[in-house]
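Raw contents of start_38.txt, compact mmCIF, C-alpha atoms:
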# COMPACT_ATOMS: atom_id res chain seq x y z
CA MET A 30 -48.85 -18.39 -6.23
CA GLN A 31 -48.13 -18.57 -9.94
CA ASN A 32 -46.83 -15.04 -9.74
CA ILE A 33 -44.44 -15.86 -6.94
CA ILE A 34 -43.03 -18.83 -8.83
CA ASN A 35 -42.72 -16.70 -11.95
CA PHE A 36 -40.93 -14.06 -9.96
CA PHE A 37 -38.41 -16.59 -8.69
CA LEU A 38 -37.95 -18.09 -12.15
CA LYS A 39 -37.44 -14.71 -13.72
CA ASN A 40 -34.82 -13.73 -11.17
CA ARG A 41 -33.26 -17.15 -10.71
CA TYR A 42 -29.74 -16.00 -11.61
CA PHE A 43 -29.98 -13.18 -9.12
CA PHE A 44 -31.01 -15.62 -6.38
CA LEU A 45 -28.23 -18.01 -7.33
CA PHE A 46 -25.87 -15.06 -7.13
CA LEU A 47 -27.20 -14.12 -3.69
CA VAL A 48 -26.89 -17.66 -2.34
CA LEU A 49 -23.30 -18.05 -3.53
CA LEU A 50 -22.39 -14.56 -2.36
CA SER A 51 -23.75 -15.12 1.13
CA PHE A 52 -21.85 -18.40 1.32
CA SER A 53 -18.57 -16.69 0.39
CA LEU A 54 -19.25 -13.84 2.82
CA PHE A 55 -19.96 -16.41 5.52
CA LEU A 56 -16.56 -17.99 4.85
CA THR A 57 -14.89 -14.57 4.86
CA ILE A 58 -16.43 -13.51 8.15
CA GLN A 59 -15.61 -16.85 9.68
CA SER A 60 -11.97 -16.40 8.66
CA HIS A 61 -11.86 -13.19 10.69
CA ASN A 62 -12.50 -15.16 13.86
CA TYR A 63 -9.77 -16.86 15.78
CA HIS A 64 -10.71 -20.47 15.27
CA ARG A 65 -11.63 -20.97 11.68
CA SER A 66 -13.69 -23.47 9.78
CA LYS A 67 -12.35 -26.96 9.63
CA PHE A 68 -12.79 -27.55 5.92
CA ILE A 69 -11.34 -24.53 4.12
CA HIS A 70 -7.63 -24.42 4.70
CA SER A 71 -4.53 -25.22 2.72
CA ALA A 72 -3.69 -28.28 4.85
CA ASN A 73 -5.99 -30.62 2.93
CA TRP A 74 -4.46 -33.32 0.74
CA VAL A 75 -4.99 -31.59 -2.63
CA THR A 76 -3.51 -28.21 -1.76
CA GLY A 77 -0.95 -29.69 0.62
CA GLY A 78 0.18 -32.16 -2.03
CA ILE A 79 0.53 -29.48 -4.70
CA TYR A 80 2.43 -27.15 -2.39
CA GLU A 81 4.69 -29.99 -1.29
CA THR A 82 5.58 -30.90 -4.88
CA ALA A 83 6.32 -27.27 -5.72
CA SER A 84 8.43 -26.82 -2.61
CA ASN A 85 10.33 -30.06 -3.28
CA ILE A 86 11.45 -28.53 -6.56
CA SER A 87 12.28 -25.06 -5.26
CA ASP A 88 14.06 -26.42 -2.16
CA TYR A 89 16.99 -27.54 -4.33
CA PHE A 90 17.88 -23.94 -5.01
CA GLY A 91 18.17 -23.14 -1.30
CA LEU A 92 20.13 -26.18 -0.13
CA LYS A 93 23.39 -24.33 0.32
CA LYS A 94 21.75 -21.61 2.41
CA HIS A 95 19.95 -24.18 4.56
CA ASN A 96 23.20 -26.04 5.16
CA LEU A 97 24.96 -22.86 6.24
CA ARG A 98 22.12 -22.10 8.63
CA LEU A 99 22.31 -25.60 10.11
CA ILE A 100 26.09 -25.36 10.55
CA GLU A 101 25.63 -22.02 12.28
CA GLU A 102 23.08 -23.54 14.65
CA ASN A 103 25.22 -26.62 15.30
CA LYS A 104 28.16 -24.38 16.07
CA ARG A 105 26.13 -22.47 18.63
CA LEU A 106 24.77 -25.63 20.24
CA ARG A 107 28.22 -27.18 20.38
CA ALA A 108 29.59 -24.05 22.02
CA LEU A 109 26.83 -24.36 24.62
CA LEU A 110 27.60 -28.03 25.19
CA PHE A 111 31.36 -27.60 25.53
CA ASN A 112 31.10 -24.59 27.81
CA ARG A 113 28.75 -26.26 30.27
CA ASP A 114 30.18 -25.56 33.74
CA ASN A 115 33.65 -26.17 32.34
CA ALA A 116 32.95 -29.88 32.66
CA PRO A 117 35.74 -32.07 31.32
CA LEU A 118 34.82 -33.30 27.88
CA ASP A 119 35.42 -36.97 28.64
CA SER A 120 32.66 -37.11 31.23
CA LEU A 121 29.53 -35.49 29.82
CA PRO A 122 26.61 -36.06 32.17
CA ALA A 123 24.19 -38.55 30.69
CA ASP A 124 21.23 -36.19 30.65
CA SER A 125 22.94 -33.81 28.25
CA ILE A 126 22.99 -36.38 25.48
CA LEU A 127 19.96 -38.50 26.29
CA ILE A 128 16.45 -37.19 26.03
CA PRO A 129 14.82 -37.58 29.45
CA GLU A 130 11.85 -39.91 29.79
CA ASN A 131 9.24 -37.23 30.38
CA PRO A 132 10.51 -34.01 28.86
CA GLY A 133 8.48 -30.85 29.33
CA PHE A 134 8.72 -30.01 25.67
CA VAL A 135 8.89 -32.30 22.65
CA ILE A 136 10.49 -30.88 19.51
CA ARG A 137 9.53 -32.03 16.02
CA ASP A 138 10.90 -30.75 12.74
CA ALA A 139 8.94 -29.76 9.66
CA ALA A 140 9.47 -28.03 6.33
CA VAL A 141 7.50 -24.95 5.30
CA ILE A 142 5.78 -25.72 2.00
CA LYS A 143 3.80 -22.49 1.71
CA ASN A 144 4.57 -19.11 3.18
CA SER A 145 2.77 -15.78 2.99
CA PHE A 146 3.54 -12.44 4.61
CA SER A 147 1.79 -9.67 2.68
CA ALA A 148 -1.84 -10.21 3.68
CA PRO A 149 -3.24 -8.88 6.98
CA LYS A 150 -3.79 -12.48 8.10
CA ASN A 151 -0.97 -14.75 7.11
CA TYR A 152 -0.90 -18.52 7.34
CA LEU A 153 1.92 -20.95 6.56
CA THR A 154 1.56 -24.59 5.60
CA ILE A 155 4.01 -27.24 6.83
CA ASP A 156 4.52 -30.82 5.67
CA GLN A 157 3.73 -32.54 8.99
CA GLY A 158 0.26 -33.26 10.32
CA GLU A 159 -1.77 -35.19 12.85
CA GLY A 160 -0.11 -38.44 11.75
CA ASP A 161 3.24 -37.00 12.85
CA GLY A 162 1.92 -35.86 16.22
CA ILE A 163 1.16 -32.24 15.34
CA ALA A 164 -1.92 -30.75 17.02
CA GLN A 165 -3.58 -27.36 17.28
CA ASP A 166 -1.95 -24.70 19.50
CA MET A 167 1.59 -26.03 19.36
CA GLY A 168 4.33 -23.42 18.94
CA VAL A 169 6.44 -23.12 15.78
CA ILE A 170 9.98 -21.67 15.84
CA THR A 171 13.16 -21.63 13.76
CA SER A 172 16.72 -21.55 15.02
CA ASP A 173 16.46 -17.73 14.96
CA GLY A 174 13.15 -17.07 16.66
CA ILE A 175 9.41 -17.64 16.72
CA VAL A 176 7.26 -18.23 13.64
CA GLY A 177 3.71 -18.83 14.85
CA ILE A 178 1.16 -21.26 16.26
CA ILE A 179 -0.35 -24.40 14.69
CA ASP A 180 -3.88 -23.61 13.55
CA ASN A 181 -5.52 -26.41 11.54
CA THR A 182 -4.22 -29.92 10.93
CA SER A 183 -4.95 -32.67 8.43
CA ALA A 184 -3.44 -36.15 8.30
CA HIS A 185 -0.17 -35.08 6.67
CA TYR A 186 -0.16 -31.27 6.70
CA ALA A 187 -0.83 -28.43 9.10
CA THR A 188 -1.39 -24.69 8.78
CA VAL A 189 0.47 -22.28 11.02
CA GLN A 190 -0.98 -18.95 12.09
CA SER A 191 2.03 -16.72 11.59
CA VAL A 192 3.14 -13.99 14.04
CA LEU A 193 2.40 -11.79 11.03
CA ASN A 194 -1.33 -12.19 11.55
CA THR A 195 -3.50 -9.48 13.07
CA LEU A 196 -5.31 -12.13 15.15
CA THR A 197 -2.18 -13.55 16.78
CA ARG A 198 -1.47 -12.77 20.45
CA ILE A 199 1.70 -14.16 21.99
CA ASN A 200 2.97 -13.67 25.53
CA ALA A 201 6.39 -11.99 25.46
CA GLN A 202 8.71 -10.24 27.88
CA LEU A 203 11.90 -8.21 28.13
CA LYS A 204 15.04 -10.29 28.46
CA ASN A 205 16.67 -8.13 31.12
CA THR A 206 13.68 -7.74 33.41
CA ASN A 207 10.52 -9.79 33.81
CA HIS A 208 8.09 -7.14 32.52
CA PHE A 209 5.73 -8.94 30.20
CA GLY A 210 3.24 -7.94 27.52
CA THR A 211 1.43 -9.20 24.46
CA LEU A 212 2.96 -9.52 21.03
CA GLN A 213 0.69 -8.58 18.12
CA TRP A 214 1.00 -7.25 14.57
CA ASP A 215 -0.40 -4.12 12.93
CA GLY A 216 -0.25 -5.59 9.42
CA LYS A 217 2.31 -3.16 8.01
CA SER A 218 5.88 -4.43 7.77
CA PRO A 219 6.76 -8.15 7.68
CA SER A 220 9.88 -7.56 9.81
CA ILE A 221 8.32 -5.49 12.63
CA VAL A 222 5.75 -6.60 15.20
CA GLN A 223 4.31 -4.73 18.19
CA LEU A 224 4.65 -5.53 21.87
CA VAL A 225 1.90 -3.88 23.93
CA ASP A 226 0.86 -3.74 27.59
CA ILE A 227 4.37 -3.32 28.98
CA ALA A 228 3.98 -1.23 32.14
CA ARG A 229 5.37 2.29 32.07
CA ILE A 230 7.85 1.65 34.87
CA ALA A 231 9.74 -0.91 32.80
CA PRO A 232 13.22 0.36 31.88
CA LEU A 233 13.39 0.27 28.08
CA GLN A 234 16.22 0.91 25.70
CA THR A 235 16.38 0.66 21.94
CA GLY A 236 18.17 -2.56 21.06
CA ASP A 237 16.97 -4.54 24.09
CA THR A 238 16.09 -8.15 23.38
CA ILE A 239 12.52 -9.45 23.59
CA ILE A 240 11.92 -13.15 24.37
CA THR A 241 8.85 -15.34 24.82
CA GLY A 242 7.36 -15.08 28.30
CA GLY A 243 6.54 -18.68 29.16
CA MET A 244 3.18 -17.65 30.61
CA SER A 245 1.22 -19.40 27.90
CA THR A 246 1.27 -23.14 27.36
CA ILE A 247 2.39 -22.70 23.76
CA PHE A 248 5.99 -21.52 23.88
CA PRO A 249 8.60 -22.28 26.54
CA LYS A 250 10.20 -19.25 28.16
CA GLY A 251 13.22 -17.63 26.58
CA ILE A 252 12.82 -18.16 22.84
CA PRO A 253 14.26 -15.08 21.14
CA ILE A 254 11.80 -12.87 19.27
CA GLY A 255 13.58 -9.67 18.31
CA THR A 256 15.05 -6.38 19.45
CA ILE A 257 13.37 -3.09 20.38
CA LYS A 258 13.36 -0.74 17.42
CA GLY A 259 11.40 2.09 19.00
CA PHE A 260 8.74 2.66 21.64
CA ALA A 261 6.01 5.11 22.63
CA LEU A 262 3.35 5.40 25.32
CA ASP A 263 -0.18 4.42 24.38
CA VAL A 264 -3.27 6.63 24.70
CA SER A 265 -3.69 5.98 28.43
CA GLU A 266 0.01 6.86 28.99
CA ASN A 267 0.36 3.87 31.31
CA TYR A 268 1.66 1.28 28.91
CA TYR A 269 4.26 1.19 26.19
CA ILE A 270 3.70 0.20 22.58
CA ILE A 271 7.02 -1.19 21.43
CA ASN A 272 8.08 -1.83 17.84
CA VAL A 273 10.04 -5.07 17.76
CA GLN A 274 12.42 -5.91 14.93
CA LEU A 275 12.11 -9.68 14.42
CA PHE A 276 15.25 -11.85 14.45
CA ASN A 277 13.53 -14.19 12.02
CA ASP A 278 13.30 -13.27 8.36
CA MET A 279 9.63 -14.22 7.95
CA THR A 280 9.88 -13.85 4.19
CA ASN A 281 12.48 -16.62 3.96
CA LEU A 282 11.58 -19.69 6.01
CA GLY A 283 12.78 -23.19 5.22
CA HIS A 284 12.78 -25.68 8.05
CA VAL A 285 10.99 -25.07 11.33
CA TYR A 286 10.64 -26.79 14.71
CA VAL A 287 7.28 -27.56 16.25
CA ILE A 288 7.17 -27.47 20.06
CA GLU A 289 4.73 -29.58 22.02
CA ASN A 290 4.23 -28.80 25.69
CA THR A 291 3.57 -32.19 27.29
CA ASN A 292 2.35 -30.61 30.50
CA LYS A 293 -0.16 -28.44 28.71
CA GLU A 294 -3.27 -30.37 29.72
CA GLU A 295 -2.25 -30.41 33.36
CA ILE A 296 -1.64 -26.66 33.37
CA LEU A 297 -4.91 -25.91 31.57
CA GLU A 298 -6.83 -28.18 33.92
CA LEU A 299 -5.36 -26.41 36.92
CA GLU A 300 -6.18 -22.98 35.51
CA GLN A 301 -9.68 -24.19 34.72
CA SER A 302 -10.22 -25.28 38.30
CA VAL A 303 -9.09 -21.86 39.56
CA ASN A 304 -11.54 -20.10 37.26
CA GLU A 305 -14.50 -22.15 38.41
CA MET B 14 -18.87 -28.14 -27.47
CA ASN B 15 -16.79 -30.91 -25.94
CA ASN B 16 -13.64 -29.33 -27.18
CA ASN B 17 -14.70 -26.05 -25.64
CA THR B 18 -15.42 -27.64 -22.25
CA LEU B 19 -12.06 -29.36 -22.28
CA SER B 20 -10.11 -26.21 -23.14
CA ASN B 21 -12.00 -24.29 -20.46
CA GLY B 22 -11.21 -26.96 -17.89
CA ILE B 23 -7.52 -26.90 -18.75
CA ARG B 24 -7.54 -23.11 -18.64
CA PHE B 25 -9.18 -23.28 -15.19
CA ILE B 26 -6.53 -25.60 -13.74
CA ILE B 27 -3.60 -23.76 -15.31
CA LEU B 28 -4.81 -20.39 -14.06
CA VAL B 29 -5.32 -21.66 -10.49
CA LEU B 30 -1.84 -23.18 -10.45
CA VAL B 31 -0.18 -20.11 -11.99
CA GLN B 32 -1.97 -17.93 -9.45
CA VAL B 33 -1.09 -19.87 -6.30
CA LEU B 34 2.38 -21.10 -7.25
CA ILE B 35 3.74 -18.02 -9.02
CA CYS B 36 1.61 -14.88 -8.77
CA ASN B 37 0.95 -15.15 -5.03
CA HIS B 38 4.71 -15.00 -4.44
CA ILE B 39 5.57 -11.96 -6.53
CA GLN B 40 5.01 -9.43 -3.69
CA PHE B 41 6.30 -6.52 -5.77
CA LEU B 42 7.23 -3.66 -3.36
CA GLY B 43 6.04 -5.91 -0.53
CA TYR B 44 2.33 -6.06 -1.27
CA ILE B 45 1.53 -5.80 -4.99
CA ASN B 46 0.34 -9.12 -6.39
CA PRO B 47 -1.33 -9.72 -9.73
CA TYR B 48 -4.53 -11.77 -9.59
CA ILE B 49 -4.25 -13.34 -12.99
CA TYR B 50 -6.97 -15.96 -12.41
CA VAL B 51 -9.67 -13.37 -13.23
CA LEU B 52 -8.76 -14.03 -16.88
CA PHE B 53 -10.89 -17.16 -16.64
CA ILE B 54 -13.96 -15.04 -15.94
CA LEU B 55 -12.96 -12.31 -18.40
CA LEU B 56 -12.40 -14.72 -21.28
CA TYR B 57 -15.19 -17.23 -20.58
CA PRO B 58 -16.87 -17.98 -23.97
CA LEU B 59 -19.67 -15.56 -24.74
CA LYS B 60 -21.69 -17.65 -27.17
CA ASN B 61 -24.66 -19.54 -25.71
CA GLU B 62 -23.36 -19.17 -22.22
CA ASN B 63 -25.18 -21.03 -19.47
CA ARG B 64 -25.39 -18.29 -16.91
CA ALA B 65 -25.92 -20.50 -13.84
CA LEU B 66 -22.93 -22.66 -14.77
CA PHE B 67 -20.83 -19.56 -15.35
CA LEU B 68 -21.70 -18.17 -11.90
CA PHE B 69 -20.86 -21.52 -10.32
CA LEU B 70 -17.54 -21.76 -12.16
CA ALA B 71 -16.55 -18.22 -11.19
CA PHE B 72 -17.41 -18.96 -7.58
CA PHE B 73 -15.49 -22.23 -7.67
CA MET B 74 -12.48 -20.52 -9.24
CA GLY B 75 -12.31 -18.02 -6.39
CA PHE B 76 -12.98 -20.78 -3.89
CA CYS B 77 -9.96 -22.77 -5.16
CA VAL B 78 -7.66 -19.74 -4.87
CA ASP B 79 -9.07 -19.09 -1.37
CA THR B 80 -8.38 -22.63 -0.24
CA PHE B 81 -4.80 -22.39 -1.43
CA SER B 82 -4.14 -19.03 0.16
CA ASP B 83 -6.10 -19.54 3.43
CA SER B 84 -8.16 -16.41 2.89
CA GLY B 85 -11.70 -17.48 3.81
CA GLY B 86 -14.03 -16.58 0.95
CA ILE B 87 -12.72 -13.26 -0.35
CA HIS B 88 -11.65 -14.45 -3.81
CA ALA B 89 -14.90 -16.40 -4.21
CA ALA B 90 -17.02 -13.34 -3.40
CA ALA B 91 -15.03 -11.03 -5.69
CA SER B 92 -15.04 -13.48 -8.62
CA LEU B 93 -18.74 -14.16 -8.22
CA CYS B 94 -19.55 -10.44 -8.28
CA ILE B 95 -17.66 -9.71 -11.49
CA ALA B 96 -19.15 -12.82 -13.10
CA TYR B 97 -22.61 -11.50 -12.23
CA ILE B 98 -22.00 -8.00 -13.60
CA ARG B 99 -20.14 -9.20 -16.71
CA PRO B 100 -23.10 -8.89 -19.15
CA LEU B 101 -23.64 -5.30 -18.03
CA VAL B 102 -19.99 -4.39 -18.44
CA LEU B 103 -19.84 -6.12 -21.83
CA ARG B 104 -22.85 -4.14 -23.06
CA PHE B 105 -21.36 -0.93 -21.69
CA SER B 106 -17.92 -1.37 -23.24
CA PHE B 107 -18.69 -3.08 -26.55
CA GLY B 108 -22.21 -1.82 -27.26
CA SER B 109 -24.02 -3.37 -30.20
CA ALA B 110 -21.34 -5.94 -31.01
CA TYR B 111 -22.29 -7.71 -27.80
CA GLU B 112 -26.03 -7.48 -28.45
CA TYR B 113 -25.68 -9.30 -31.77
CA GLN B 114 -23.48 -12.02 -30.26
CA THR B 115 -20.73 -11.40 -32.78
CA LEU B 116 -18.19 -10.37 -30.17
CA LYS B 117 -14.77 -11.97 -29.87
CA ILE B 118 -12.58 -10.46 -27.18
CA SER B 119 -9.38 -11.02 -29.13
CA ASN B 120 -10.76 -9.11 -32.16
CA THR B 121 -11.98 -5.99 -30.39
CA ASN B 122 -10.15 -2.71 -30.62
CA LEU B 123 -7.75 -1.68 -27.92
CA GLY B 124 -9.83 1.10 -26.34
CA GLN B 125 -12.94 -1.02 -25.86
CA ARG B 126 -10.94 -3.97 -24.59
CA PHE B 127 -9.09 -1.74 -22.14
CA MET B 128 -12.40 -0.36 -20.85
CA TYR B 129 -13.82 -3.87 -20.33
CA LEU B 130 -10.72 -5.20 -18.55
CA PHE B 131 -10.29 -2.06 -16.49
CA ILE B 132 -13.86 -2.03 -15.08
CA MET B 133 -13.90 -5.75 -14.38
CA ILE B 134 -10.45 -5.90 -12.75
CA LEU B 135 -10.96 -2.77 -10.68
CA THR B 136 -14.33 -4.00 -9.37
CA HIS B 137 -12.82 -7.37 -8.53
CA HIS B 138 -9.86 -5.86 -6.70
CA ILE B 139 -11.89 -3.34 -4.73
CA ILE B 140 -14.24 -6.10 -3.48
CA LEU B 141 -11.29 -8.38 -2.81
CA PHE B 142 -9.26 -5.93 -0.75
CA SER B 143 -12.27 -4.49 1.12
CA LEU B 144 -13.11 -7.99 2.29
CA GLU B 145 -9.48 -8.81 3.05
CA ILE B 146 -8.81 -5.70 5.12
CA PHE B 147 -12.40 -5.56 6.40
CA SER B 148 -12.27 -2.16 8.03
CA PHE B 149 -13.53 1.29 7.01
CA THR B 150 -10.70 3.04 8.82
CA HIS B 151 -8.22 1.57 6.34
CA ILE B 152 -10.16 2.65 3.26
CA LEU B 153 -7.15 4.48 1.79
CA LEU B 154 -4.98 1.39 2.18
CA THR B 155 -7.73 -0.64 0.50
CA LEU B 156 -7.89 1.72 -2.47
CA LYS B 157 -4.12 1.93 -2.78
CA LYS B 158 -3.76 -1.84 -2.81
CA ALA B 159 -6.66 -2.24 -5.26
CA LEU B 160 -5.29 0.34 -7.69
CA LEU B 161 -1.67 -0.80 -7.67
CA SER B 162 -2.44 -4.53 -7.81
CA GLY B 163 -5.14 -3.76 -10.40
CA ALA B 164 -2.65 -2.02 -12.68
CA PHE B 165 -0.34 -5.02 -12.40
CA THR B 166 -3.16 -7.47 -13.18
CA LEU B 167 -4.31 -5.35 -16.12
CA LEU B 168 -0.82 -5.34 -17.62
CA LEU B 169 -0.48 -9.11 -17.26
CA CYS B 170 -3.97 -9.67 -18.71
CA PHE B 171 -3.05 -7.73 -21.85
CA LEU B 172 0.06 -9.87 -22.19
CA PHE B 173 -1.78 -13.14 -21.53
CA ILE B 174 -4.84 -12.67 -23.77
CA PRO B 175 -2.97 -13.56 -27.01
CA LEU B 176 -1.81 -16.81 -25.35
CA PHE B 177 -5.38 -17.98 -24.80
CA ARG B 178 -6.55 -17.36 -28.36
CA THR B 179 -7.95 -20.65 -29.64
CA LYS B 180 -8.07 -21.86 -33.20
CA ASN B 181 -11.82 -21.79 -33.66
CA GLN B 182 -12.12 -18.15 -32.68
Go through the file and emit its structure as structure tokens.
Amino acid sequence: MQNIINFFLKNRYFFLFLVLLSFSLFLTIQSHNYHRSKFIHSANWVTGGIYETASNISDYFGLKKHNLRLIEENKRLRALLFNRDNAPLDSLPADSILIPENPGFVIRDAAVIKNSFSAPKNYLTIDQGEGDGIAQDMGVITSDGIVGIIDNTSAHYATVQSVLNTLTRINAQLKNTNHFGTLQWDGKSPSIVQLVDIARIAPLQTGDTIITGGMSTIFPKGIPIGTIKGFALDVSENYYIINVQLFNDMTNLGHVYVIENTNKEEILELEQSVNE
Amino acid sequence: MNNNTLSNGIRFIILVLVQVLICNHIQFLGYINPYIYVLFILLYPLKNENRALFLFLAFFMGFCVDTFSDSGGIHAAASLCIAYIRPLVLRFSFGSAYEYQTLKISNTNLGQRFMYLFIMILTHHIILFSLEIFSFTHILLTLKKALLSGAFTLLLCFLFIPLFRTKNQ
């Protein structure tokens, strides 16, 4: 017995090392799974607060660019509004200016306070959290295209699993036809993602637009993603692997919109009942 | 003693902040980032070190960087490993000066210092990127990232070491 205790005492630093190492490996392996631990993420109040302060300072330098982007978006939305069915401008239908009582999708805005795009698994942090109505599995977009999916939330901050994350799978389709597939990322370039599982009979052309498919409860249908940069058949020669050039510049994100699908629970419940 | 603890604490906080607010955003050529926070482990006082505390601090240092960059536990594991092997590397690179406890990193000659920093940083980066990429099929990518980022870190460490020289050294 004495010998065993002596052995442990003699090697106590090695055992301490082993305990700490296994804990860090546990965290690492857990981070390779889809749903990660609830306590290690940059949405907690310390890290969120520090990132928010830093981004408050650096935001001043990008104000002009953000304004231009907003004007661009406003211009596009106004064009949509004014060209609606050639309706006379003095009699806009009420539902075009009022938000209906039970909309299918609720839009919230948020600012990105931390962005990353060079790791194989990238996460963003935004300055809105549970207190502002953000919850896991909501979609995140900008005026240009998709950004990612809400992952973890705290009271005032949330992390977003970026499309530039090798774990992300998003339903997407061709704009011209309804052929759909899965959007994923190979971890190489921050401006190119891959669309897989598009059937071979789909007519493809370089430059075609890819949009979200609306078959998941996360994104509504028709949000722009990018254009086809190149495509090839996969090993089985039945499906295409398509390189998609993103519309969004993922390395330069300022303000984003968070989309909540209010009918999500109903849809999931229905799908659950079919599976049973 | 107290003074030493205080300066180490300040060094800890400054290095974490510099790492997550500045170095994580450098992205030279798209993927090369310096990991300057290893300086805390490299320059941790040698005299009368409490080894358990040192291991804990190294782990906690990596853990902080991990929390900020949403990377699980990769920085914690890498920092912990180099903290554990530090005595070996010190003995290997500085020889008898380390044995007699007369070593001061800022007074060593360039070749020995380079050897010490090079081994420590390379080990750290190889562990870090293997855990980050986590796949044997991408071993070349792992090595490429480790070497290029390691060279960047090494350069910055050489530039930063004079900044951390304290009066009592």
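Of note, CA of Gly85 (chain B) and CA of Ile58 (chain A) are spaced 7.5 Å apart.
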Given only C-alpha atoms, how would the per-residue table for chain A near chain B read, listing every residue at most 8 Å away with its closest atom pair and distance in Å to one decimal, sorted by chain and number, as CSV?
residue,atom,partner,partner_atom,distance
A:Tyr42,CA,B:Ala65,CA,6.3
A:Leu45,CA,B:Ala65,CA,7.3
A:Phe46,CA,B:Tyr97,CA,7.0
A:Leu49,CA,B:Phe72,CA,7.2
A:Leu50,CA,B:Ala90,CA,5.6
A:Ser53,CA,B:Gly86,CA,4.6
A:Leu54,CA,B:Gly86,CA,6.2
A:Phe55,CA,B:Gly86,CA,7.5
A:Leu56,CA,B:Gly86,CA,4.9
A:Thr57,CA,B:Gly85,CA,4.4
A:Ile58,CA,B:Gly85,CA,7.5
A:Gln59,CA,B:Gly85,CA,7.1
A:Ser60,CA,B:Gly85,CA,5.0
A:Ile69,CA,B:Thr80,CA,5.6
A:His70,CA,B:Asp83,CA,5.3
A:Ser71,CA,B:Phe81,CA,5.0
A:Thr76,CA,B:Phe81,CA,6.0
A:Tyr80,CA,B:Leu34,CA,7.8
A:Ala83,CA,B:Leu34,CA,7.5
A:Ser145,CA,B:His38,CA,7.7
A:Ser147,CA,B:Tyr44,CA,5.4
A:Ala148,CA,B:Tyr44,CA,7.7
A:Pro149,CA,B:Ile146,CA,6.7
A:Lys150,CA,B:Ser84,CA,7.9
A:Asn151,CA,B:Asp83,CA,7.9
A:Tyr152,CA,B:Asp83,CA,6.6
Residue neighbourhood Tyr186 (chain A), 9 Å, all atoms listed in the file, exclusion window fewer than 2 positions, as a PDB file with C-alpha atoms, in the frame of the given file:
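Now in result28.pdb:
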ATOM      1  CA  SER A  71      -4.530 -25.220   2.720  1.00  0.00           C
ATOM      2  CA  ALA A  72      -3.690 -28.280   4.850  1.00  0.00           C
ATOM      3  CA  ASN A  73      -5.990 -30.620   2.930  1.00  0.00           C
ATOM      4  CA  TRP A  74      -4.460 -33.320   0.740  1.00  0.00           C
ATOM      5  CA  GLY A  77      -0.950 -29.690   0.620  1.00  0.00           C
ATOM      6  CA  GLY A  78       0.180 -32.160  -2.030  1.00  0.00           C
ATOM      7  CA  THR A 154       1.560 -24.590   5.600  1.00  0.00           C
ATOM      8  CA  ILE A 155       4.010 -27.240   6.830  1.00  0.00           C
ATOM      9  CA  ASP A 156       4.520 -30.820   5.670  1.00  0.00           C
ATOM     10  CA  GLN A 157       3.730 -32.540   8.990  1.00  0.00           C
ATOM     11  CA  GLY A 158       0.260 -33.260  10.320  1.00  0.00           C
ATOM     12  CA  GLU A 159      -1.770 -35.190  12.850  1.00  0.00           C
ATOM     13  CA  GLY A 160      -0.110 -38.440  11.750  1.00  0.00           C
ATOM     14  CA  ILE A 163       1.160 -32.240  15.340  1.00  0.00           C
ATOM     15  CA  ASN A 181      -5.520 -26.410  11.540  1.00  0.00           C
ATOM     16  CA  THR A 182      -4.220 -29.920  10.930  1.00  0.00           C
ATOM     17  CA  SER A 183      -4.950 -32.670   8.430  1.00  0.00           C
ATOM     18  CA  ALA A 184      -3.440 -36.150   8.300  1.00  0.00           C
ATOM     19  CA  THR A 188      -1.390 -24.690   8.780  1.00  0.00           C
TER      20      THR A 188
END
Choose the residue, out of A:Ile175, A:Ile239, A:Met30, A:Ile247, that has the smallest atom-to-atom separation from Thr206 (chain A); count only C-alpha atoms. A:Ile239
Do you have the CA of Val141 (chain A)-CA of Ser218 (chain A) distance handy?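 Separation between CA of Val141 (chain A) and CA of Ser218 (chain A): 20.7 Å.
Closest approach to Gly210 (chain A) among A:Asp166, A:Ile270, A:Val222, A:Arg98 is made by A:Ile270 (distances from only C-alpha atoms).
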Write out as an NGL selection string each polymer residue whose atoms come within 12 Å of region 122-128 of chain B, counting all atoms listed in the file; drop sequence neighbours fewer than 5 positions from it. :B and (55-56 or 102-108 or 110-111 or 116-117 or 133-135 or 164 or 167-168 or 170-171 or 174)
